[in-house]
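Coordinates as given in structure_20.pdb (PDB, C-alpha atoms and all ligand atoms):
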```
ATOM      1  CA  MET A   6     -24.185 -17.147 207.070  1.00  0.00           C
ATOM      2  CA  LEU A   7     -20.488 -16.490 207.742  1.00  0.00           C
ATOM      3  CA  HIS A   8     -18.110 -15.918 204.881  1.00  0.00           C
ATOM      4  CA  THR A   9     -14.454 -15.106 204.827  1.00  0.00           C
ATOM      5  CA  GLU A  10     -14.442 -12.298 202.342  1.00  0.00           C
ATOM      6  CA  CYS A  11     -11.448 -11.899 200.079  1.00  0.00           C
ATOM      7  CA  THR A  12     -10.742  -9.621 197.203  1.00  0.00           C
ATOM      8  CA  MET A  13     -11.354 -10.570 193.618  1.00  0.00           C
ATOM      9  CA  ARG A  14      -9.144  -8.669 191.229  1.00  0.00           C
ATOM     10  CA  PHE A  15     -10.146  -7.662 187.706  1.00  0.00           C
ATOM     11  CA  ASP A  16      -7.608  -6.194 185.294  1.00  0.00           C
ATOM     12  CA  ILE A  17      -9.120  -4.547 182.219  1.00  0.00           C
ATOM     13  CA  LEU A  18      -6.884  -4.129 179.172  1.00  0.00           C
ATOM     14  CA  THR A  19      -8.381  -1.637 176.757  1.00  0.00           C
ATOM     15  CA  LEU A  20      -7.664   1.247 174.412  1.00  0.00           C
ATOM     16  CA  PHE A  21     -10.457   3.218 176.107  1.00  0.00           C
ATOM     17  CA  PRO A  22     -10.023   3.057 179.894  1.00  0.00           C
ATOM     18  CA  ASP A  23     -12.166   6.177 180.377  1.00  0.00           C
ATOM     19  CA  ILE A  24     -15.259   4.152 179.461  1.00  0.00           C
ATOM     20  CA  PHE A  25     -15.205   2.336 182.807  1.00  0.00           C
ATOM     21  CA  PRO A  26     -15.090   4.670 185.844  1.00  0.00           C
ATOM     22  CA  GLY A  27     -18.676   5.899 185.439  1.00  0.00           C
ATOM     23  CA  TYR A  28     -20.079   2.407 185.541  1.00  0.00           C
ATOM     24  CA  LEU A  29     -17.790   1.189 188.299  1.00  0.00           C
ATOM     25  CA  GLY A  30     -18.482   4.302 190.351  1.00  0.00           C
ATOM     26  CA  GLU A  31     -22.172   3.640 190.971  1.00  0.00           C
ATOM     27  CA  SER A  32     -24.353   1.423 193.098  1.00  0.00           C
ATOM     28  CA  LEU A  33     -23.256  -2.015 194.308  1.00  0.00           C
ATOM     29  CA  LEU A  34     -20.008  -2.159 192.339  1.00  0.00           C
ATOM     30  CA  LYS A  35     -18.958   1.156 193.825  1.00  0.00           C
ATOM     31  CA  ARG A  36     -19.647  -0.194 197.309  1.00  0.00           C
ATOM     32  CA  ALA A  37     -17.806  -3.453 196.598  1.00  0.00           C
ATOM     33  CA  ILE A  38     -14.758  -1.551 195.372  1.00  0.00           C
ATOM     34  CA  GLN A  39     -14.825   0.810 198.351  1.00  0.00           C
ATOM     35  CA  SER A  40     -15.064  -2.090 200.792  1.00  0.00           C
ATOM     36  CA  GLY A  41     -12.192  -3.944 199.114  1.00  0.00           C
ATOM     37  CA  LEU A  42     -14.293  -6.918 198.013  1.00  0.00           C
ATOM     38  CA  VAL A  43     -13.539  -6.132 194.369  1.00  0.00           C
ATOM     39  CA  ASP A  44     -10.399  -4.531 192.972  1.00  0.00           C
ATOM     40  CA  VAL A  45     -10.558  -3.247 189.390  1.00  0.00           C
ATOM     41  CA  ARG A  46      -7.401  -2.059 187.608  1.00  0.00           C
ATOM     42  CA  LEU A  47      -7.461  -0.315 184.238  1.00  0.00           C
ATOM     43  CA  HIS A  48      -4.602  -0.610 181.759  1.00  0.00           C
ATOM     44  CA  ASN A  49      -4.255   1.231 178.476  1.00  0.00           C
ATOM     45  CA  ILE A  50      -2.881  -1.131 175.810  1.00  0.00           C
ATOM     46  CA  ARG A  51      -1.465   1.914 174.033  1.00  0.00           C
ATOM     47  CA  ASP A  52       1.093   2.277 176.832  1.00  0.00           C
ATOM     48  CA  TRP A  53       2.766  -0.901 175.504  1.00  0.00           C
ATOM     49  CA  SER A  54       2.876   0.182 171.866  1.00  0.00           C
ATOM     50  CA  LYS A  55       6.140   0.900 170.099  1.00  0.00           C
ATOM     51  CA  GLY A  56       7.296   3.728 167.892  1.00  0.00           C
ATOM     52  CA  LYS A  57       6.629   7.405 168.123  1.00  0.00           C
ATOM     53  CA  HIS A  58       3.039   7.127 166.896  1.00  0.00           C
ATOM     54  CA  ASN A  59       1.939   4.623 169.548  1.00  0.00           C
ATOM     55  CA  THR A  60       0.175   2.492 166.965  1.00  0.00           C
ATOM     56  CA  VAL A  61      -1.831  -0.384 168.325  1.00  0.00           C
ATOM     57  CA  ASP A  62      -3.571  -1.363 165.089  1.00  0.00           C
ATOM     58  CA  ASP A  63      -2.540  -1.849 161.486  1.00  0.00           C
ATOM     59  CA  ARG A  64      -3.958  -2.836 158.085  1.00  0.00           C
ATOM     60  CA  PRO A  65      -4.574  -6.567 157.600  1.00  0.00           C
ATOM     61  CA  PHE A  66      -2.091  -8.532 155.496  1.00  0.00           C
ATOM     62  CA  GLY A  67      -3.877  -9.661 152.353  1.00  0.00           C
ATOM     63  CA  GLY A  68      -5.970  -6.501 152.260  1.00  0.00           C
ATOM     64  CA  GLY A  69      -9.550  -5.919 153.234  1.00  0.00           C
ATOM     65  CA  PRO A  70     -11.432  -3.391 155.312  1.00  0.00           C
ATOM     66  CA  GLY A  71     -10.694  -2.306 158.870  1.00  0.00           C
ATOM     67  CA  MET A  72      -7.724  -2.507 161.155  1.00  0.00           C
ATOM     68  CA  VAL A  73      -6.260  -5.341 163.212  1.00  0.00           C
ATOM     69  CA  MET A  74      -4.980  -5.116 166.808  1.00  0.00           C
ATOM     70  CA  LYS A  75      -1.211  -5.595 166.726  1.00  0.00           C
ATOM     71  CA  VAL A  76       0.349  -8.644 168.335  1.00  0.00           C
ATOM     72  CA  ASP A  77       3.300  -6.978 170.108  1.00  0.00           C
ATOM     73  CA  ALA A  78       1.431  -4.307 172.078  1.00  0.00           C
ATOM     74  CA  VAL A  79      -1.274  -6.716 173.222  1.00  0.00           C
ATOM     75  CA  VAL A  80       1.032  -9.599 174.175  1.00  0.00           C
ATOM     76  CA  GLU A  81       3.442  -7.333 176.030  1.00  0.00           C
ATOM     77  CA  CYS A  82       0.625  -5.567 177.845  1.00  0.00           C
ATOM     78  CA  VAL A  83      -0.891  -8.872 178.991  1.00  0.00           C
ATOM     79  CA  GLU A  84       2.479 -10.206 180.125  1.00  0.00           C
ATOM     80  CA  ALA A  85       3.310  -7.044 182.076  1.00  0.00           C
ATOM     81  CA  VAL A  86      -0.089  -6.901 183.763  1.00  0.00           C
ATOM     82  CA  ARG A  87       0.037 -10.608 184.617  1.00  0.00           C
ATOM     83  CA  GLY A  88       3.355 -10.035 186.356  1.00  0.00           C
ATOM     84  CA  GLN A  89       1.892  -7.370 188.639  1.00  0.00           C
ATOM     85  CA  ALA A  90       0.512  -9.969 191.051  1.00  0.00           C
ATOM     86  CA  PRO A  91       1.618 -13.448 192.169  1.00  0.00           C
ATOM     87  CA  ASP A  92      -1.520 -15.063 190.664  1.00  0.00           C
ATOM     88  CA  PRO A  93      -1.220 -14.842 186.840  1.00  0.00           C
ATOM     89  CA  GLY A  94      -5.020 -14.758 186.637  1.00  0.00           C
ATOM     90  CA  HIS A  95      -7.561 -16.186 184.230  1.00  0.00           C
ATOM     91  CA  LEU A  96      -7.196 -14.428 180.880  1.00  0.00           C
ATOM     92  CA  ILE A  97     -10.408 -13.671 178.987  1.00  0.00           C
ATOM     93  CA  MET A  98     -10.492 -12.281 175.464  1.00  0.00           C
ATOM     94  CA  LEU A  99     -13.813 -10.584 174.700  1.00  0.00           C
ATOM     95  CA  THR A 100     -14.769 -11.463 171.149  1.00  0.00           C
ATOM     96  CA  PRO A 101     -17.944 -12.403 169.253  1.00  0.00           C
ATOM     97  CA  GLN A 102     -16.017 -15.541 168.235  1.00  0.00           C
ATOM     98  CA  GLY A 103     -15.859 -16.801 171.823  1.00  0.00           C
ATOM     99  CA  ARG A 104     -18.031 -19.243 173.768  1.00  0.00           C
ATOM    100  CA  ARG A 105     -21.251 -17.559 174.815  1.00  0.00           C
ATOM    101  CA  LEU A 106     -21.359 -16.319 178.417  1.00  0.00           C
ATOM    102  CA  ASP A 107     -24.114 -17.942 180.456  1.00  0.00           C
ATOM    103  CA  GLN A 108     -24.825 -18.292 184.179  1.00  0.00           C
ATOM    104  CA  PRO A 109     -22.914 -21.602 184.664  1.00  0.00           C
ATOM    105  CA  LYS A 110     -19.869 -19.958 183.080  1.00  0.00           C
ATOM    106  CA  VAL A 111     -20.330 -16.879 185.307  1.00  0.00           C
ATOM    107  CA  GLU A 112     -20.478 -19.190 188.350  1.00  0.00           C
ATOM    108  CA  ARG A 113     -17.195 -20.845 187.351  1.00  0.00           C
ATOM    109  CA  LEU A 114     -15.541 -17.457 186.818  1.00  0.00           C
ATOM    110  CA  ALA A 115     -16.660 -16.332 190.287  1.00  0.00           C
ATOM    111  CA  GLU A 116     -14.356 -19.017 191.738  1.00  0.00           C
ATOM    112  CA  GLN A 117     -11.285 -17.279 190.307  1.00  0.00           C
ATOM    113  CA  LYS A 118      -9.189 -14.911 192.400  1.00  0.00           C
ATOM    114  CA  ARG A 119      -8.077 -12.802 189.469  1.00  0.00           C
ATOM    115  CA  ILE A 120      -9.552 -12.239 186.004  1.00  0.00           C
ATOM    116  CA  ILE A 121      -7.819 -10.333 183.207  1.00  0.00           C
ATOM    117  CA  LEU A 122     -10.176  -8.985 180.548  1.00  0.00           C
ATOM    118  CA  LEU A 123      -8.721  -8.201 177.143  1.00  0.00           C
ATOM    119  CA  CYS A 124     -10.909  -5.846 175.101  1.00  0.00           C
ATOM    120  CA  GLY A 125     -10.440  -5.505 171.362  1.00  0.00           C
ATOM    121  CA  ARG A 126     -11.493  -2.795 168.956  1.00  0.00           C
ATOM    122  CA  TYR A 127     -11.296  -2.564 165.205  1.00  0.00           C
ATOM    123  CA  GLU A 128     -11.795  -5.660 163.087  1.00  0.00           C
ATOM    124  CA  GLY A 129     -10.224  -8.058 165.516  1.00  0.00           C
ATOM    125  CA  PHE A 130      -7.002  -9.396 166.983  1.00  0.00           C
ATOM    126  CA  ASP A 131      -3.904 -10.596 165.144  1.00  0.00           C
ATOM    127  CA  GLU A 132      -4.276 -14.396 165.278  1.00  0.00           C
ATOM    128  CA  ARG A 133      -0.891 -14.767 167.020  1.00  0.00           C
ATOM    129  CA  ILE A 134      -2.365 -13.096 170.117  1.00  0.00           C
ATOM    130  CA  ARG A 135      -4.575 -16.162 170.431  1.00  0.00           C
ATOM    131  CA  LEU A 136      -1.770 -18.587 169.677  1.00  0.00           C
ATOM    132  CA  ILE A 137       0.646 -17.053 172.189  1.00  0.00           C
ATOM    133  CA  LEU A 138      -1.681 -16.194 175.072  1.00  0.00           C
ATOM    134  CA  GLU A 139      -4.283 -18.982 174.678  1.00  0.00           C
ATOM    135  CA  PRO A 140      -7.027 -16.869 176.264  1.00  0.00           C
ATOM    136  CA  ASP A 141     -10.457 -18.064 177.277  1.00  0.00           C
ATOM    137  CA  GLU A 142     -12.483 -16.477 174.448  1.00  0.00           C
ATOM    138  CA  VAL A 143     -15.844 -15.175 175.638  1.00  0.00           C
ATOM    139  CA  SER A 144     -18.761 -13.646 173.725  1.00  0.00           C
ATOM    140  CA  ILE A 145     -21.734 -12.049 175.465  1.00  0.00           C
ATOM    141  CA  GLY A 146     -24.115 -12.838 172.615  1.00  0.00           C
ATOM    142  CA  ASP A 147     -24.540 -13.345 168.913  1.00  0.00           C
ATOM    143  CA  TYR A 148     -24.218  -9.720 167.835  1.00  0.00           C
ATOM    144  CA  VAL A 149     -21.194  -7.568 167.122  1.00  0.00           C
ATOM    145  CA  LEU A 150     -20.292  -4.693 169.430  1.00  0.00           C
ATOM    146  CA  GLY A 151     -17.940  -1.830 168.594  1.00  0.00           C
ATOM    147  CA  GLY A 152     -15.458  -3.335 171.023  1.00  0.00           C
ATOM    148  CA  GLY A 153     -15.055  -5.632 173.999  1.00  0.00           C
ATOM    149  CA  GLU A 154     -15.488  -2.928 176.658  1.00  0.00           C
ATOM    150  CA  VAL A 155     -19.215  -3.321 177.212  1.00  0.00           C
ATOM    151  CA  ALA A 156     -18.754  -7.113 177.215  1.00  0.00           C
ATOM    152  CA  ALA A 157     -16.058  -6.758 179.894  1.00  0.00           C
ATOM    153  CA  MET A 158     -18.434  -4.692 182.024  1.00  0.00           C
ATOM    154  CA  VAL A 159     -21.161  -7.302 181.579  1.00  0.00           C
ATOM    155  CA  THR A 160     -18.744 -10.010 182.703  1.00  0.00           C
ATOM    156  CA  ILE A 161     -17.578  -8.084 185.781  1.00  0.00           C
ATOM    157  CA  ASP A 162     -21.142  -7.208 186.745  1.00  0.00           C
ATOM    158  CA  ALA A 163     -22.392 -10.788 186.479  1.00  0.00           C
ATOM    159  CA  VAL A 164     -19.395 -12.294 188.307  1.00  0.00           C
ATOM    160  CA  ALA A 165     -19.061  -9.709 191.087  1.00  0.00           C
ATOM    161  CA  ARG A 166     -22.661 -10.057 192.250  1.00  0.00           C
ATOM    162  CA  LEU A 167     -22.025 -13.730 193.018  1.00  0.00           C
ATOM    163  CA  LEU A 168     -19.197 -12.949 195.437  1.00  0.00           C
ATOM    164  CA  PRO A 169     -20.162 -13.520 199.064  1.00  0.00           C
ATOM    165  CA  GLY A 170     -20.863 -10.159 200.648  1.00  0.00           C
ATOM    166  CA  PHE A 171     -21.565  -8.325 197.372  1.00  0.00           C
ATOM    167  CA  LEU A 172     -25.335  -8.280 197.610  1.00  0.00           C
ATOM    168  CA  GLY A 173     -26.920  -6.810 200.694  1.00  0.00           C
ATOM    169  CA  ASP A 174     -29.030  -9.902 201.255  1.00  0.00           C
ATOM    170  CA  GLU A 175     -26.737 -12.946 201.216  1.00  0.00           C
ATOM    171  CA  ASP A 176     -29.307 -15.228 199.646  1.00  0.00           C
ATOM    172  CA  SER A 177     -30.725 -13.045 196.966  1.00  0.00           C
ATOM    173  CA  SER A 178     -28.712 -14.351 194.011  1.00  0.00           C
ATOM    174  CA  GLU A 179     -29.722 -17.954 194.748  1.00  0.00           C
ATOM    175  CA  TYR A 180     -33.211 -17.319 193.435  1.00  0.00           C
ATOM    176  CA  ASP A 181     -32.179 -15.558 190.242  1.00  0.00           C
ATOM    177  CA  SER A 182     -33.288 -16.791 186.866  1.00  0.00           C
ATOM    178  CA  PHE A 183     -30.656 -19.247 185.569  1.00  0.00           C
ATOM    179  CA  SER A 184     -29.029 -19.815 188.944  1.00  0.00           C
ATOM    180  CA  GLY A 185     -28.732 -23.128 190.762  1.00  0.00           C
ATOM    181  CA  SER A 186     -29.753 -26.387 189.113  1.00  0.00           C
ATOM    182  CA  ARG A 187     -33.151 -25.164 187.947  1.00  0.00           C
ATOM    183  CA  ARG A 188     -32.699 -22.616 185.241  1.00  0.00           C
ATOM    184  CA  TRP A 189     -36.181 -21.149 185.055  1.00  0.00           C
ATOM    185  CA  LEU A 190     -37.129 -17.522 184.642  1.00  0.00           C
ATOM    186  CA  ASP A 191     -38.024 -15.568 187.784  1.00  0.00           C
ATOM    187  CA  CYS A 192     -41.648 -15.380 188.868  1.00  0.00           C
ATOM    188  CA  ALA A 193     -43.641 -12.136 188.736  1.00  0.00           C
ATOM    189  CA  GLN A 194     -43.037  -9.755 191.665  1.00  0.00           C
ATOM    190  CA  TYR A 195     -45.299  -7.074 193.154  1.00  0.00           C
ATOM    191  CA  THR A 196     -44.839  -4.320 195.720  1.00  0.00           C
ATOM    192  CA  ARG A 197     -47.015  -1.471 196.976  1.00  0.00           C
ATOM    193  CA  PRO A 198     -49.556  -0.259 195.985  1.00  0.00           C
ATOM    194  CA  ARG A 199     -51.690  -3.419 196.022  1.00  0.00           C
ATOM    195  CA  GLU A 200     -53.726  -2.120 193.112  1.00  0.00           C
ATOM    196  CA  TYR A 201     -52.639   0.227 190.306  1.00  0.00           C
ATOM    197  CA  ARG A 202     -54.879   1.325 187.408  1.00  0.00           C
ATOM    198  CA  GLY A 203     -57.069  -1.710 187.912  1.00  0.00           C
ATOM    199  CA  HIS A 204     -54.162  -4.194 188.090  1.00  0.00           C
ATOM    200  CA  GLU A 205     -54.465  -6.126 191.347  1.00  0.00           C
ATOM    201  CA  THR A 206     -51.712  -7.967 193.176  1.00  0.00           C
ATOM    202  CA  PRO A 207     -52.583 -11.700 193.168  1.00  0.00           C
ATOM    203  CA  GLU A 208     -54.435 -12.438 196.427  1.00  0.00           C
ATOM    204  CA  VAL A 209     -52.172 -15.344 197.367  1.00  0.00           C
ATOM    205  CA  LEU A 210     -49.145 -13.024 197.732  1.00  0.00           C
ATOM    206  CA  LEU A 211     -51.039 -11.068 200.396  1.00  0.00           C
ATOM    207  CA  SER A 212     -52.267 -14.184 202.212  1.00  0.00           C
ATOM    208  CA  GLY A 213     -49.256 -14.737 204.463  1.00  0.00           C
ATOM    209  CA  ASN A 214     -49.445 -18.474 203.660  1.00  0.00           C
ATOM    210  CA  HIS A 215     -45.811 -19.249 202.817  1.00  0.00           C
ATOM    211  CA  GLU A 216     -46.461 -22.690 201.372  1.00  0.00           C
ATOM    212  CA  GLU A 217     -49.126 -21.412 199.019  1.00  0.00           C
ATOM    213  CA  ILE A 218     -46.936 -18.463 198.037  1.00  0.00           C
ATOM    214  CA  ALA A 219     -44.035 -20.795 197.235  1.00  0.00           C
ATOM    215  CA  ARG A 220     -46.359 -23.008 195.152  1.00  0.00           C
ATOM    216  CA  TRP A 221     -47.761 -19.995 193.264  1.00  0.00           C
ATOM    217  CA  ARG A 222     -44.274 -18.679 192.540  1.00  0.00           C
ATOM    218  CA  GLU A 223     -43.045 -22.008 191.270  1.00  0.00           C
ATOM    219  CA  GLU A 224     -46.018 -22.362 188.944  1.00  0.00           C
ATOM    220  CA  ASN A 225     -45.679 -18.746 187.763  1.00  0.00           C
ATOM    221  CA  SER A 226     -41.987 -19.339 186.981  1.00  0.00           C
ATOM    222  CA  ARG A 227     -42.742 -22.533 185.096  1.00  0.00           C
ATOM    223  CA  GLN A 228     -45.470 -20.878 183.001  1.00  0.00           C
ATOM    224  CA  ARG A 229     -43.297 -17.872 182.165  1.00  0.00           C
ATOM    225  CA  THR A 230     -40.427 -20.099 181.163  1.00  0.00           C
ATOM    226  CA  GLN A 231     -42.777 -22.216 179.022  1.00  0.00           C
ATOM    227  CA  ARG A 232     -44.180 -19.145 177.241  1.00  0.00           C
ATOM    228  CA  ARG A 233     -41.005 -17.130 176.828  1.00  0.00           C
ATOM    229  CA  ARG A 234     -38.096 -19.573 176.851  1.00  0.00           C
ATOM    230  CA  SER A 235     -39.323 -23.098 176.228  1.00  0.00           C
ATOM    231  CA  ASP A 236     -35.743 -23.924 175.157  1.00  0.00           C
ATOM    232  CA  LEU A 237     -34.758 -23.761 178.860  1.00  0.00           C
ATOM    233  CA  LEU A 238     -37.334 -26.428 179.793  1.00  0.00           C
ATOM    234  CA  ALA A 239     -36.149 -28.643 176.956  1.00  0.00           C
ATOM    235  CA  GLU A 240     -32.613 -28.539 178.438  1.00  0.00           C
ATOM    236  CA  GLU A 241     -33.751 -30.062 181.793  1.00  0.00           C
TER     237      GLU A 241
HETATM  238  N1  LIG B 301     -16.671  -7.683 170.948  1.00  0.00           N
HETATM  239  C1  LIG B 301     -17.476  -7.370 169.916  1.00  0.00           C
HETATM  240  N2  LIG B 301     -18.637  -8.030 169.981  1.00  0.00           N
HETATM  241  C2  LIG B 301     -18.577  -8.812 171.106  1.00  0.00           C
HETATM  242  C3  LIG B 301     -19.463  -9.738 171.725  1.00  0.00           C
HETATM  243  N3  LIG B 301     -20.656 -10.027 171.202  1.00  0.00           N
HETATM  244  N4  LIG B 301     -19.072 -10.340 172.842  1.00  0.00           N
HETATM  245  C4  LIG B 301     -17.850 -10.075 173.368  1.00  0.00           C
HETATM  246  N5  LIG B 301     -16.973  -9.216 172.845  1.00  0.00           N
HETATM  247  C5  LIG B 301     -17.329  -8.590 171.715  1.00  0.00           C
END
```
Go ahead and render the structure in this file as structure tokens.
Amino acid sequence: MLHTECTMRFDILTLFPDIFPGYLGESLLKRAIQSGLVDVRLHNIRDWSKGKHNTVDDRPFGGGPGMVMKVDAVVECVEAVRGQAPDPGHLIMLTPQGRRLDQPKVERLAEQKRIILLCGRYEGFDERIRLILEPDEVSIGDYVLGGGEVAAMVTIDAVARLLPGFLGDEDSSEYDSFSGSRRWLDCAQYTRPREYRGHETPEVLLSGNHEEIARWREENSRQRTQRRRSDLLAEE
């Protein structure tokens, strides 16, 4: 399959940019960055804060626990970063209050040329950040993280692997769980040795009969989905 590869740019806005290089510097993401398929830029929100103390958070009006991310530093950081490229990009705010990330959403994001990921810390964002920037609010699940950084990494990881040329084998994401129109779980996989501690590889997978193998895999996927995630079958 021939693809015209072009770069997808991610801008990460965070108070903790040092969290990212380790993750981005390994494995397939490292290779994608080195080859120019993916471009990741890190921006420290603190660089846009005002005053001699570089404060980016403050106590909430009305009282209560925790600190709130300040509107000026965040809005000005987003605006400055947006202006660094002709495409203003698709702005995502990582927050447990967002729409939950799933594979159809990841597939839509993979069509973008540029994604800006805004990571929050503390108790949340000043509401005017939402009102002014109108970000696409994304949650990676119904639990609360210490900040949006891990959620941003999850988003980049899931999106980047759909880009043509990212995976070694062009077709390998097509058969993932949740991809394509059939959103079933993957079937069981085996590799050498054929037998380990009494656990045999199913004979059909060694038979060389591609039709039978395909039938076995389909049935295995359906059964797994039924047992583990019957909600996915109900959605069909
Ligand atoms: N920030 C804190 N918790 C989060 C979540 N579940 N998803 C995205 N961003 C978050």
Inset, instruction - Grab the CA of Gly125 in chain A to CA of Asp44 in chain A distance for me, in Å with one decimal place. - result: 21.6 Å
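Across the structure, CA of Phe21 in chain A and CA of Arg51 in chain A are spaced 9.3 Å apart.
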Legend entry - Env. residues ligand LIG 301 (chain B) / 12 Å / only C-alpha atoms and all ligand atoms / as an NGL selection string: :A and (19 or 97-107 or 122-130 or 141-160)
Quick one: residues within 8 Å of range 28-37 of chain A, all atoms listed in the file, excluding same-chain residues fewer than 4 positions away - as a CSV table (one decimal) with C-alpha atoms, in the frame of the given file?
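Okay, this is what ended up in out_1.csv:
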```csv
chain,number,residue,atom,x,y,z
A,24,ILE,CA,-15.3,4.2,179.5
A,41,GLY,CA,-12.2,-3.9,199.1
A,42,LEU,CA,-14.3,-6.9,198.0
A,43,VAL,CA,-13.5,-6.1,194.4
A,162,ASP,CA,-21.1,-7.2,186.7
A,165,ALA,CA,-19.1,-9.7,191.1
A,171,PHE,CA,-21.6,-8.3,197.4
A,172,LEU,CA,-25.3,-8.3,197.6
```
Legend entry - Best match for closeness to Ile121 in chain A among A:Val79, A:Ile218, A:Leu18, A:Leu210, counting only C-alpha atoms: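 Under the stated criterion, the closest residue is A:Leu18.
Of note, CA of Met72 in chain A and CA of Glu139 in chain A are spaced 21.6 Å apart.
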Legend entry - Matched chain/residue IDs from the PyMOL selection byres (((chain A and resi 191) around 8) and not hetatm), as an MDAnalysis selection string: chainID A and resid 180:182 189:190 192:193 226
Restricted to C-alpha atoms, what would the selected residues look like written as a tab-separated table (two decimals), keeping the file's coordinate frame?
```tsv
chain	number	residue	atom	x	y	z
A	180	TYR	CA	-33.21	-17.32	193.44
A	181	ASP	CA	-32.18	-15.56	190.24
A	182	SER	CA	-33.29	-16.79	186.87
A	189	TRP	CA	-36.18	-21.15	185.06
A	190	LEU	CA	-37.13	-17.52	184.64
A	192	CYS	CA	-41.65	-15.38	188.87
A	193	ALA	CA	-43.64	-12.14	188.74
A	226	SER	CA	-41.99	-19.34	186.98
```
Taking all atoms of range 108-115 of chain A that the file lists and extending 6 Å past them on each side, where is the centre of the axis-aligned box and how long are its edges? Answer in Å to one decimal, as AutoDock Vina command-line options.
```
--center_x -20.2 --center_y -19.0 --center_z 186.7 --size_x 21.3 --size_y 17.3 --size_z 19.2
```
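Restricting the calculation to all atoms listed in the file, the smallest distance between Phe183 in chain A and any of A:Ala85, A:Ile137, A:Ile50, A:Leu238 is found for A:Leu238.
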Inset, instruction - For the structure shown, which residues end up in the PyMOL selection byres (((chain A and resi 78) around 10) and not hetatm)? Put them as a ChimeraX atom specification, please? - result: /A:50-55,59-62,74-77,79-83,134
Inset, instruction - Can you pull out every residue within 10 Å of His95 in chain A, counting only C-alpha atoms, but drop anything in the same chain fewer than 2 positions away, and send it as a list in words? - result: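 Within the cut-off, the hits are Phe15, Arg87, Asp92, Pro93, Ile97, Leu114, Gln117, Lys118, Arg119, Ile120, Ile121, Leu122, Pro140 and Asp141 of chain A.
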Could you take the residues named above and write them with C-alpha atoms, as a short mmCIF file (atom, residue, chain, number, x, y, z; two decimals), keeping the file's coordinate frame?
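For reference, out38.cif as written:
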```
data_model
loop_
_atom_site.label_atom_id
_atom_site.label_comp_id
_atom_site.auth_asym_id
_atom_site.auth_seq_id
_atom_site.Cartn_x
_atom_site.Cartn_y
_atom_site.Cartn_z
CA PHE A 15 -10.15 -7.66 187.71
CA ARG A 87 0.04 -10.61 184.62
CA ASP A 92 -1.52 -15.06 190.66
CA PRO A 93 -1.22 -14.84 186.84
CA ILE A 97 -10.41 -13.67 178.99
CA LEU A 114 -15.54 -17.46 186.82
CA GLN A 117 -11.28 -17.28 190.31
CA LYS A 118 -9.19 -14.91 192.40
CA ARG A 119 -8.08 -12.80 189.47
CA ILE A 120 -9.55 -12.24 186.00
CA ILE A 121 -7.82 -10.33 183.21
CA LEU A 122 -10.18 -8.98 180.55
CA PRO A 140 -7.03 -16.87 176.26
CA ASP A 141 -10.46 -18.06 177.28
#
```
Can you sort out range 26-37 of chain A so it carries N, CA and C atoms, written as a tab-separated table (two decimals), in the frame of the given file?
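Result file follows (rebuild02.tsv):
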```tsv
chain	number	residue	atom	x	y	z
A	26	PRO	N	-14.86	4.14	184.49
A	26	PRO	CA	-15.09	4.67	185.84
A	26	PRO	C	-16.54	5.04	186.15
A	27	GLY	N	-17.28	5.55	185.18
A	27	GLY	CA	-18.68	5.90	185.44
A	27	GLY	C	-19.46	4.70	185.91
A	28	TYR	N	-19.32	3.62	185.20
A	28	TYR	CA	-20.08	2.41	185.54
A	28	TYR	C	-19.64	1.81	186.88
A	29	LEU	N	-18.33	1.80	187.07
A	29	LEU	CA	-17.79	1.19	188.30
A	29	LEU	C	-18.01	2.08	189.52
A	30	GLY	N	-18.35	3.34	189.26
A	30	GLY	CA	-18.48	4.30	190.35
A	30	GLY	C	-19.89	4.46	190.87
A	31	GLU	N	-20.78	3.54	190.52
A	31	GLU	CA	-22.17	3.64	190.97
A	31	GLU	C	-22.61	2.36	191.67
A	32	SER	N	-23.57	2.53	192.55
A	32	SER	CA	-24.35	1.42	193.10
A	32	SER	C	-23.51	0.34	193.77
A	33	LEU	N	-23.87	-0.91	193.55
A	33	LEU	CA	-23.26	-2.02	194.31
A	33	LEU	C	-21.79	-2.21	193.96
A	34	LEU	N	-21.43	-2.00	192.71
A	34	LEU	CA	-20.01	-2.16	192.34
A	34	LEU	C	-19.15	-1.11	193.04
A	35	LYS	N	-19.68	0.10	193.11
A	35	LYS	CA	-18.96	1.16	193.82
A	35	LYS	C	-18.71	0.73	195.28
A	36	ARG	N	-19.77	0.21	195.90
A	36	ARG	CA	-19.65	-0.19	197.31
A	36	ARG	C	-18.65	-1.35	197.46
A	37	ALA	N	-18.71	-2.30	196.52
A	37	ALA	CA	-17.81	-3.45	196.60
A	37	ALA	C	-16.35	-3.02	196.43
```
